[in-house]
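Raw contents of model-v4.pdb, PDB, C-alpha atoms and all ligand atoms:
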```pdb
ATOM      1  CA  MET A   1      -2.130  36.294  -8.146
ATOM      2  CA  HIS A   2      -3.898  33.589  -6.225
ATOM      3  CA  ASP A   3      -2.599  32.543  -2.857
ATOM      4  CA  GLN A   4      -0.838  29.290  -2.160
ATOM      5  CA  LYS A   5      -3.858  27.559  -0.681
ATOM      6  CA  GLN A   6      -5.720  28.060  -3.899
ATOM      7  CA  ALA A   7      -2.800  26.846  -5.952
ATOM      8  CA  LEU A   8      -2.775  23.661  -3.924
ATOM      9  CA  ALA A   9      -6.483  23.127  -4.211
ATOM     10  CA  GLU A  10      -6.514  22.488  -7.956
ATOM     11  CA  PRO A  11      -4.527  19.218  -7.951
ATOM     12  CA  GLN A  12      -6.747  17.971  -5.152
ATOM     13  CA  LEU A  13      -9.838  18.808  -7.121
ATOM     14  CA  SER A  14      -8.538  17.168 -10.239
ATOM     15  CA  ARG A  15      -7.625  14.119  -8.190
ATOM     16  CA  LEU A  16     -11.150  13.879  -6.845
ATOM     17  CA  ARG A  17     -12.502  14.229 -10.336
ATOM     18  CA  ARG A  18     -10.122  11.582 -11.557
ATOM     19  CA  GLU A  19     -10.995   9.153  -8.791
ATOM     20  CA  ALA A  20     -14.658   9.666  -9.486
ATOM     21  CA  ALA A  21     -14.017   9.020 -13.170
ATOM     22  CA  VAL A  22     -12.027   5.871 -12.457
ATOM     23  CA  GLN A  23     -14.834   4.458 -10.364
ATOM     24  CA  GLN A  24     -17.400   5.072 -13.037
ATOM     25  CA  ASP A  25     -15.393   3.083 -15.534
ATOM     26  CA  ASP A  26     -16.278  -0.567 -15.352
ATOM     27  CA  LYS A  27     -13.105  -1.547 -17.170
ATOM     28  CA  PHE A  28     -11.205  -1.036 -13.946
ATOM     29  CA  VAL A  29     -11.332  -3.439 -11.060
ATOM     30  CA  ILE A  30     -12.655  -1.637  -7.998
ATOM     31  CA  LEU A  31     -11.142  -2.985  -4.808
ATOM     32  CA  PRO A  32     -12.920  -2.495  -1.481
ATOM     33  CA  THR A  33     -10.082  -0.377  -0.131
ATOM     34  CA  ARG A  34      -8.993   2.812  -1.780
ATOM     35  CA  SER A  35      -6.713   1.574  -4.470
ATOM     36  CA  ARG A  36      -5.400   2.878  -7.681
ATOM     37  CA  ALA A  37      -6.489   1.516 -11.008
ATOM     38  CA  HIS A  38      -3.918  -0.601 -12.756
ATOM     39  CA  ASN A  39      -2.719   1.991 -15.192
ATOM     40  CA  SER A  40      -2.882   5.141 -13.129
ATOM     41  CA  ALA A  41       0.044   7.084 -11.793
ATOM     42  CA  MET A  42       1.645   6.837  -8.381
ATOM     43  CA  LYS A  43       1.033   9.982  -6.387
ATOM     44  CA  LEU A  44       3.899  11.680  -4.587
ATOM     45  CA  LEU A  45       3.872  14.561  -2.156
ATOM     46  CA  VAL A  46       7.043  16.647  -2.049
ATOM     47  CA  ILE A  47       7.453  18.758   1.107
ATOM     48  CA  GLU A  48      10.415  21.014   0.441
ATOM     49  CA  ASP A  49      10.871  24.705   1.180
ATOM     50  CA  GLU A  50      13.698  25.338  -1.271
ATOM     51  CA  VAL A  51      11.525  26.457  -4.153
ATOM     52  CA  LYS A  52      14.052  25.694  -6.877
ATOM     53  CA  LEU A  53      14.639  22.191  -5.606
ATOM     54  CA  ALA A  54      10.913  21.610  -5.154
ATOM     55  CA  GLU A  55      10.234  22.685  -8.738
ATOM     56  CA  TYR A  56      13.090  20.561 -10.026
ATOM     57  CA  LEU A  57      11.593  17.544  -8.236
ATOM     58  CA  ARG A  58       8.105  18.325  -9.470
ATOM     59  CA  LYS A  59       9.279  18.570 -13.043
ATOM     60  CA  GLY A  60      11.602  15.578 -13.003
ATOM     61  CA  LEU A  61       9.221  13.268 -11.183
ATOM     62  CA  SER A  62       6.268  14.319 -13.359
ATOM     63  CA  GLU A  63       8.318  13.480 -16.393
ATOM     64  CA  ALA A  64       9.180  10.147 -14.801
ATOM     65  CA  GLY A  65       5.452   9.409 -14.791
ATOM     66  CA  TYR A  66       4.444  10.333 -11.232
ATOM     67  CA  VAL A  67       1.671  12.685 -10.199
ATOM     68  CA  VAL A  68       3.405  15.229  -7.978
ATOM     69  CA  GLU A  69       2.007  17.576  -5.383
ATOM     70  CA  VAL A  70       4.278  20.108  -3.680
ATOM     71  CA  ALA A  71       4.108  21.880  -0.332
ATOM     72  CA  HIS A  72       6.647  24.553   0.632
ATOM     73  CA  ASP A  73       6.291  24.445   4.395
ATOM     74  CA  GLY A  74       5.565  21.980   7.159
ATOM     75  CA  ILE A  75       2.053  23.185   7.888
ATOM     76  CA  ASP A  76       0.721  22.830   4.346
ATOM     77  CA  GLY A  77       2.755  19.659   4.001
ATOM     78  CA  LEU A  78       1.231  17.991   7.044
ATOM     79  CA  HIS A  79      -2.240  19.074   6.035
ATOM     80  CA  LEU A  80      -1.854  17.628   2.524
ATOM     81  CA  ALA A  81      -0.205  14.463   3.833
ATOM     82  CA  LEU A  82      -3.051  13.833   6.271
ATOM     83  CA  GLU A  83      -5.845  14.715   3.874
ATOM     84  CA  GLY A  84      -4.394  13.205   0.723
ATOM     85  CA  ASP A  85      -3.988   9.727  -0.620
ATOM     86  CA  HIS A  86      -0.315   9.716  -1.538
ATOM     87  CA  ASP A  87       1.745   6.679  -2.328
ATOM     88  CA  LEU A  88       4.892   8.265  -0.963
ATOM     89  CA  LEU A  89       6.161  11.424   0.706
ATOM     90  CA  LEU A  90       9.452  13.132  -0.011
ATOM     91  CA  LEU A  91      10.120  15.079   3.133
ATOM     92  CA  ASP A  92      12.781  17.693   3.709
ATOM     93  CA  GLY A  93      14.215  17.730   7.223
ATOM     94  CA  MET A  94      14.473  21.476   7.803
ATOM     95  CA  LEU A  95      11.172  23.177   7.079
ATOM     96  CA  PRO A  96       9.488  26.382   8.167
ATOM     97  CA  GLY A  97       6.277  25.961  10.148
ATOM     98  CA  ILE A  98       6.717  22.403  11.331
ATOM     99  CA  ASP A  99      10.109  20.729  10.915
ATOM    100  CA  GLY A 100      10.426  17.418   9.116
ATOM    101  CA  LEU A 101      10.746  15.167  12.166
ATOM    102  CA  SER A 102       7.787  16.739  13.980
ATOM    103  CA  LEU A 103       5.731  16.456  10.811
ATOM    104  CA  LEU A 104       6.698  12.807  10.521
ATOM    105  CA  ALA A 105       5.797  12.122  14.149
ATOM    106  CA  ALA A 106       2.397  13.782  13.675
ATOM    107  CA  LEU A 107       1.759  11.877  10.455
ATOM    108  CA  ARG A 108       2.661   8.514  11.979
ATOM    109  CA  ARG A 109      -0.047   8.817  14.601
ATOM    110  CA  THR A 110      -2.569   8.038  11.899
ATOM    111  CA  LYS A 111      -0.871   7.188   8.606
ATOM    112  CA  GLN A 112       1.756   4.798   7.320
ATOM    113  CA  THR A 113       2.430   6.480   3.985
ATOM    114  CA  PRO A 114       6.041   5.619   3.053
ATOM    115  CA  VAL A 115       8.363   8.550   3.759
ATOM    116  CA  LEU A 116      11.704   9.249   2.128
ATOM    117  CA  MET A 117      13.553  11.933   4.077
ATOM    118  CA  LEU A 118      15.699  14.375   2.120
ATOM    119  CA  THR A 119      18.200  15.964   4.373
ATOM    120  CA  ALA A 120      21.393  17.906   4.434
ATOM    121  CA  ARG A 121      22.189  16.626   7.928
ATOM    122  CA  VAL A 122      24.788  13.929   7.998
ATOM    123  CA  GLY A 123      24.860  13.044  11.704
ATOM    124  CA  VAL A 124      24.215   9.408  12.555
ATOM    125  CA  GLU A 125      22.047  10.528  15.500
ATOM    126  CA  ASP A 126      19.806  12.506  13.164
ATOM    127  CA  ARG A 127      19.406   9.564  10.877
ATOM    128  CA  VAL A 128      18.649   7.178  13.728
ATOM    129  CA  LEU A 129      16.158   9.640  15.165
ATOM    130  CA  GLY A 130      14.457   9.946  11.785
ATOM    131  CA  LEU A 131      14.201   6.204  11.325
ATOM    132  CA  GLN A 132      12.899   5.803  14.878
ATOM    133  CA  THR A 133      10.310   8.460  14.183
ATOM    134  CA  GLY A 134       9.109   6.465  11.190
ATOM    135  CA  ALA A 135      11.040   7.478   8.092
ATOM    136  CA  ASP A 136      11.358   4.577   5.658
ATOM    137  CA  ASP A 137      14.520   5.733   3.975
ATOM    138  CA  TYR A 138      16.993   8.585   3.820
ATOM    139  CA  LEU A 139      18.660  10.451   1.032
ATOM    140  CA  LEU A 140      21.338  13.007   1.734
ATOM    141  CA  LYS A 141      21.444  16.247  -0.227
ATOM    142  CA  PRO A 142      22.780  16.782  -2.754
ATOM    143  CA  PHE A 143      21.615  13.628  -4.480
ATOM    144  CA  ALA A 144      21.568  12.322  -8.035
ATOM    145  CA  PHE A 145      18.114  12.278  -9.589
ATOM    146  CA  SER A 146      18.619   8.679 -10.727
ATOM    147  CA  GLU A 147      19.307   7.625  -7.134
ATOM    148  CA  LEU A 148      16.185   9.423  -5.956
ATOM    149  CA  VAL A 149      14.066   7.566  -8.509
ATOM    150  CA  ALA A 150      15.673   4.258  -7.541
ATOM    151  CA  ARG A 151      14.912   4.892  -3.837
ATOM    152  CA  ILE A 152      11.324   5.844  -4.673
ATOM    153  CA  GLN A 153      10.841   2.699  -6.711
ATOM    154  CA  GLY A 154      12.364   0.611  -3.926
ATOM    155  CA  LEU A 155      10.035   2.097  -1.317
ATOM    156  CA  LEU A 156       6.971   1.718  -3.518
ATOM    157  CA  ARG A 157       7.878  -1.929  -4.119
ATOM    158  CA  ARG A 158       8.315  -2.528  -0.407
ATOM    159  CA  ALA A 159       5.041  -0.782   0.334
ATOM    160  CA  GLY A 160       3.027  -3.739  -0.885
ATOM    161  CA  PRO A 161       1.107  -5.506  -3.621
ATOM    162  CA  ARG A 162      -0.774  -2.384  -4.573
ATOM    163  CA  HIS A 163       2.457  -1.096  -6.045
ATOM    164  CA  GLU A 164       3.852  -4.252  -7.541
ATOM    165  CA  ILE A 165       1.379  -4.126 -10.367
ATOM    166  CA  GLU A 166       2.559  -0.706 -11.520
ATOM    167  CA  PRO A 167       3.675  -1.446 -15.060
ATOM    168  CA  THR A 168       6.686   0.253 -16.532
ATOM    169  CA  VAL A 169       5.520  -0.339 -20.087
ATOM    170  CA  LEU A 170       2.081   0.915 -21.094
ATOM    171  CA  ARG A 171       0.389  -0.356 -24.236
ATOM    172  CA  LEU A 172      -2.581   0.414 -26.435
ATOM    173  CA  ALA A 173      -2.980  -1.395 -29.762
ATOM    174  CA  ASP A 174       0.437  -1.068 -31.438
ATOM    175  CA  LEU A 175       1.469   1.850 -29.219
ATOM    176  CA  GLU A 176       4.039   1.096 -26.557
ATOM    177  CA  VAL A 177       5.399   3.552 -23.986
ATOM    178  CA  ASP A 178       8.354   2.522 -21.855
ATOM    179  CA  LEU A 179       8.270   4.738 -18.763
ATOM    180  CA  LEU A 180      11.730   3.837 -17.518
ATOM    181  CA  ARG A 181      13.533   4.272 -20.817
ATOM    182  CA  ARG A 182      11.207   7.145 -21.714
ATOM    183  CA  LYS A 183      10.612   5.782 -25.183
ATOM    184  CA  ALA A 184       7.428   5.649 -27.178
ATOM    185  CA  SER A 185       6.839   3.607 -30.308
ATOM    186  CA  ARG A 186       4.073   2.545 -32.650
ATOM    187  CA  ALA A 187       4.404  -0.680 -34.600
ATOM    188  CA  THR A 188       7.993  -0.764 -33.242
ATOM    189  CA  GLN A 189       8.680   2.575 -34.949
ATOM    190  CA  ARG A 190      10.174   5.066 -32.485
ATOM    191  CA  LEU A 191       8.207   8.283 -31.878
ATOM    192  CA  GLU A 192      10.410  11.314 -31.273
ATOM    193  CA  LEU A 193       8.532  13.202 -28.565
ATOM    194  CA  THR A 194       9.415  16.235 -26.489
ATOM    195  CA  ALA A 195       9.259  15.901 -22.692
ATOM    196  CA  LYS A 196       5.836  17.565 -22.589
ATOM    197  CA  GLU A 197       4.485  15.420 -25.410
ATOM    198  CA  PHE A 198       5.758  12.363 -23.586
ATOM    199  CA  SER A 199       4.028  13.447 -20.345
ATOM    200  CA  LEU A 200       0.825  14.191 -22.227
ATOM    201  CA  LEU A 201       0.871  10.844 -23.981
ATOM    202  CA  THR A 202       1.635   8.996 -20.743
ATOM    203  CA  LEU A 203      -1.247  10.652 -18.935
ATOM    204  CA  LEU A 204      -3.699   9.910 -21.752
ATOM    205  CA  LEU A 205      -2.412   6.350 -21.965
ATOM    206  CA  ARG A 206      -2.647   5.659 -18.252
ATOM    207  CA  ARG A 207      -6.241   6.753 -18.429
ATOM    208  CA  GLN A 208      -7.040   5.343 -21.845
ATOM    209  CA  GLY A 209     -10.722   5.350 -22.700
ATOM    210  CA  GLU A 210     -11.366   8.277 -20.386
ATOM    211  CA  VAL A 211     -12.087  11.734 -21.792
ATOM    212  CA  LEU A 212      -9.672  14.256 -20.269
ATOM    213  CA  SER A 213     -10.581  17.917 -20.382
ATOM    214  CA  ARG A 214      -8.192  20.677 -21.429
ATOM    215  CA  THR A 215      -8.339  21.972 -17.870
ATOM    216  CA  GLU A 216      -7.240  18.677 -16.463
ATOM    217  CA  LEU A 217      -4.473  18.225 -19.023
ATOM    218  CA  ALA A 218      -3.264  21.766 -18.339
ATOM    219  CA  SER A 219      -3.147  21.178 -14.603
ATOM    220  CA  GLN A 220      -1.551  17.725 -14.817
ATOM    221  CA  VAL A 221       0.981  18.258 -17.583
ATOM    222  CA  TRP A 222       1.731  21.966 -17.323
ATOM    223  CA  ASP A 223       0.874  22.371 -13.676
ATOM    224  CA  MET A 224      -1.132  25.469 -14.401
ATOM    225  CA  ASN A 225      -4.602  26.550 -13.649
ATOM    226  CA  PHE A 226      -6.448  26.762 -16.894
ATOM    227  CA  ASP A 227      -6.443  30.113 -18.590
ATOM    228  CA  SER A 228      -8.967  30.211 -21.411
ATOM    229  CA  GLU A 229      -6.745  32.588 -23.375
ATOM    230  CA  THR A 230      -4.052  30.006 -23.842
ATOM    231  CA  ASN A 231      -4.127  27.291 -26.455
ATOM    232  CA  VAL A 232      -1.124  25.422 -25.108
ATOM    233  CA  VAL A 233      -3.081  22.185 -24.793
ATOM    234  CA  GLU A 234      -4.515  22.346 -28.304
ATOM    235  CA  VAL A 235      -1.090  23.074 -29.775
ATOM    236  CA  ALA A 236       0.522  20.206 -27.883
ATOM    237  CA  ILE A 237      -2.283  17.823 -28.865
ATOM    238  CA  ARG A 238      -1.847  18.802 -32.517
ATOM    239  CA  ARG A 239       1.896  18.179 -32.355
ATOM    240  CA  LEU A 240       1.455  14.901 -30.534
ATOM    241  CA  ARG A 241      -1.126  13.778 -33.065
ATOM    242  CA  SER A 242       1.183  14.613 -35.970
ATOM    243  CA  LYS A 243       3.727  12.164 -34.537
ATOM    244  CA  LEU A 244       1.459   9.592 -32.955
ATOM    245  CA  ASP A 245      -1.328   9.241 -35.484
ATOM    246  CA  VAL A 246      -0.673  10.968 -38.784
ATOM    247  CA  PRO A 247       2.014   8.501 -39.998
ATOM    248  CA  PHE A 248      -0.152   5.497 -39.097
ATOM    249  CA  ASP A 249      -3.387   4.008 -40.433
ATOM    250  CA  ARG A 250      -5.331   3.912 -37.240
ATOM    251  CA  PRO A 251      -5.782   7.034 -35.094
ATOM    252  CA  LEU A 252      -5.608   6.514 -31.314
ATOM    253  CA  LEU A 253      -5.987  10.105 -30.115
ATOM    254  CA  HIS A 254      -9.511  11.403 -30.516
ATOM    255  CA  THR A 255     -11.112  14.779 -29.900
ATOM    256  CA  VAL A 256     -14.436  14.712 -28.102
ATOM    257  CA  ARG A 257     -16.042  17.980 -29.083
ATOM    258  CA  GLY A 258     -16.701  20.310 -26.196
ATOM    259  CA  MET A 259     -15.246  17.846 -23.693
ATOM    260  CA  GLY A 260     -11.630  17.093 -24.336
ATOM    261  CA  TYR A 261      -9.461  14.276 -25.599
ATOM    262  CA  VAL A 262      -9.365  10.528 -25.263
ATOM    263  CA  LEU A 263      -6.791   7.943 -26.195
ATOM    264  CA  GLU A 264      -8.417   4.710 -27.321
ATOM    265  CA  ASP A 265      -8.367   2.099 -30.012
ATOM    266  CA  ARG A 266     -11.677   2.462 -31.776
ATOM    267  CA  PRO A 267     -12.967  -0.192 -34.140
ATOM    268  CA  ALA A 268     -12.523   0.886 -37.771
TER     269      ALA A 268
HETATM  270 CA    CA B 301      14.789  22.922   3.943
END
```
Go ahead and render the structure in this file as structure tokens.
Ligand code: CA
Amino acid sequence: MHDQKQALAEPQLSRLRREAAVQQDDKFVILPTRSRAHNSAMKLLVIEDEVKLAEYLRKGLSEAGYVVEVAHDGIDGLHLALEGDHDLLLLDGMLPGIDGLSLLAALRRTKQTPVLMLTARVGVEDRVLGLQTGADDYLLKPFAFSELVARIQGLLRRAGPRHEIEPTVLRLADLEVDLLRRKASRATQRLELTAKEFSLLTLLLRRQGEVLSRTELASQVWDMNFDSETNVVEVAIRRLRSKLDVPFDRPLLHTVRGMGYVLEDRPA
């Protein structure tokens, strides 16, 4: 078993790799400030000590098309929030290490990342205190997942032009993926995908033209550190290909031997 620090390091590494890859690709517009490429995913940091809830959020939000990092206590959470480049934080109020409000106060000294507080507290004073400390919105537990997503989208919209360009429908040739309705189609023909296949396709599509390694796919889609004994990625790619490409004339998903996979429309 690796310790938690190590488990947290992998998403950071893959993010650095990804950012490096994005900047090498002249198809993307590089803005002077750190900014996400048009098609790439919004990055969320979930700071929540209830492990089951944290995993539920990780899974649900990943499937909704976000890149999700999780911290289980205030200390790791603050560290990741300060070091990382997140589009939004989901912050639990009661946390071991550093509580939510103290974390928020520390964060706000240097960063204005939008923060959605998740809290079981219902007192008006607590809410006022949180908003004064710099929370952008509140959601009381327990909450409906659909409301959470709506609040996240609202905050990301408010956060500025960088987020307004986030498309909800991604396209490549005759492939269309609707992130909100979670539907994929080619030539208007619906593709029946599992949740994992949908996540895999979305990731490849957001980063179309870029070769993604098995390691990266495993860490992004399955949230696991790559174990060379497992062929989970290959199996999922095969299944995805059987639905995405086999019934159609023009393949979009290509294997790059020894490197990984790329989604692109290649000239015949
Ligand atoms: Ca808690």
If the PyMOL selection byres (((not hetatm)) within 7 of (chain B and resi 301)) were run on this exact file, what residues would it hold? Put them as a PyMOL selection string. chain A and resi 48-50+92-95
Could you list, as a count of residues only, every residue within 7 Å of stretch 184-190 of chain A, counting all atoms listed in the file and ignoring same-chain residues fewer than 5 positions away? 5
For the file shown, report as a PyMOL selection string the outcome of the PyMOL selection byres (((chain A and resi 136) around 12) and not hetatm) at residue level. chain A and resi 88-91+104+108+112-118+127-135+137-139+151-152+154-156+158-159
Which of these, A:Thr215, A:Thr110, A:Gln208, A:Thr255, has the shortest distance to A:Asn231 once you count all atoms listed in the file?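 Going through A:Thr215, A:Thr110, A:Gln208, A:Thr255 one by one, the smallest distance to A:Asn231 is for A:Thr215.
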Output check: residues returned by the PyMOL selection byres (((chain A and resi 68-79) around 7) and not hetatm), as a short mmCIF file (atom, residue, chain, number, x, y, z; two decimals) with C-alpha atoms, in the frame of the given file:
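Result file is result_5.cif:
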```cif
data_model
loop_
_atom_site.label_atom_id
_atom_site.label_comp_id
_atom_site.auth_asym_id
_atom_site.auth_seq_id
_atom_site.Cartn_x
_atom_site.Cartn_y
_atom_site.Cartn_z
CA LYS A 43 1.03 9.98 -6.39
CA LEU A 44 3.90 11.68 -4.59
CA LEU A 45 3.87 14.56 -2.16
CA VAL A 46 7.04 16.65 -2.05
CA ILE A 47 7.45 18.76 1.11
CA GLU A 48 10.42 21.01 0.44
CA ASP A 49 10.87 24.70 1.18
CA ALA A 54 10.91 21.61 -5.15
CA ARG A 58 8.10 18.32 -9.47
CA LEU A 61 9.22 13.27 -11.18
CA SER A 62 6.27 14.32 -13.36
CA TYR A 66 4.44 10.33 -11.23
CA VAL A 67 1.67 12.68 -10.20
CA LEU A 80 -1.85 17.63 2.52
CA ALA A 81 -0.20 14.46 3.83
CA LEU A 82 -3.05 13.83 6.27
CA GLU A 83 -5.84 14.72 3.87
CA LEU A 95 11.17 23.18 7.08
CA PRO A 96 9.49 26.38 8.17
CA GLY A 97 6.28 25.96 10.15
CA ILE A 98 6.72 22.40 11.33
CA ASP A 99 10.11 20.73 10.92
CA GLY A 100 10.43 17.42 9.12
CA LEU A 103 5.73 16.46 10.81
#
```
Selection near A:Pro267, 10 Å with all atoms listed in the file, sequence-local residues under 2 positions removed, as a list in words: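 Non-adjacent residues within range: Arg250, Glu264 and Asp265 of chain A.
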Record the distance separating atom CA of A:Leu240 and atom CA of A:Glu197, expressed in Å with one decimal.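 Answer for the atom CA of A:Leu240 to atom CA of A:Glu197 separation: 6.0 Å.
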So the first atom is atom CA of A:Leu180 and the second is atom CA of A:Leu204; what is the distance between them in Å, to one decimal place?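 So the two atoms, atom CA of A:Leu180 and atom CA of A:Leu204, lie 17.1 Å apart.
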When distances are computed from all atoms listed in the file, which of A:His86, A:Lys141, A:Arg206, A:Arg241 shows the smallest separation from A:Leu170?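 Closest residue, counting all atoms listed in the file: A:Arg206.
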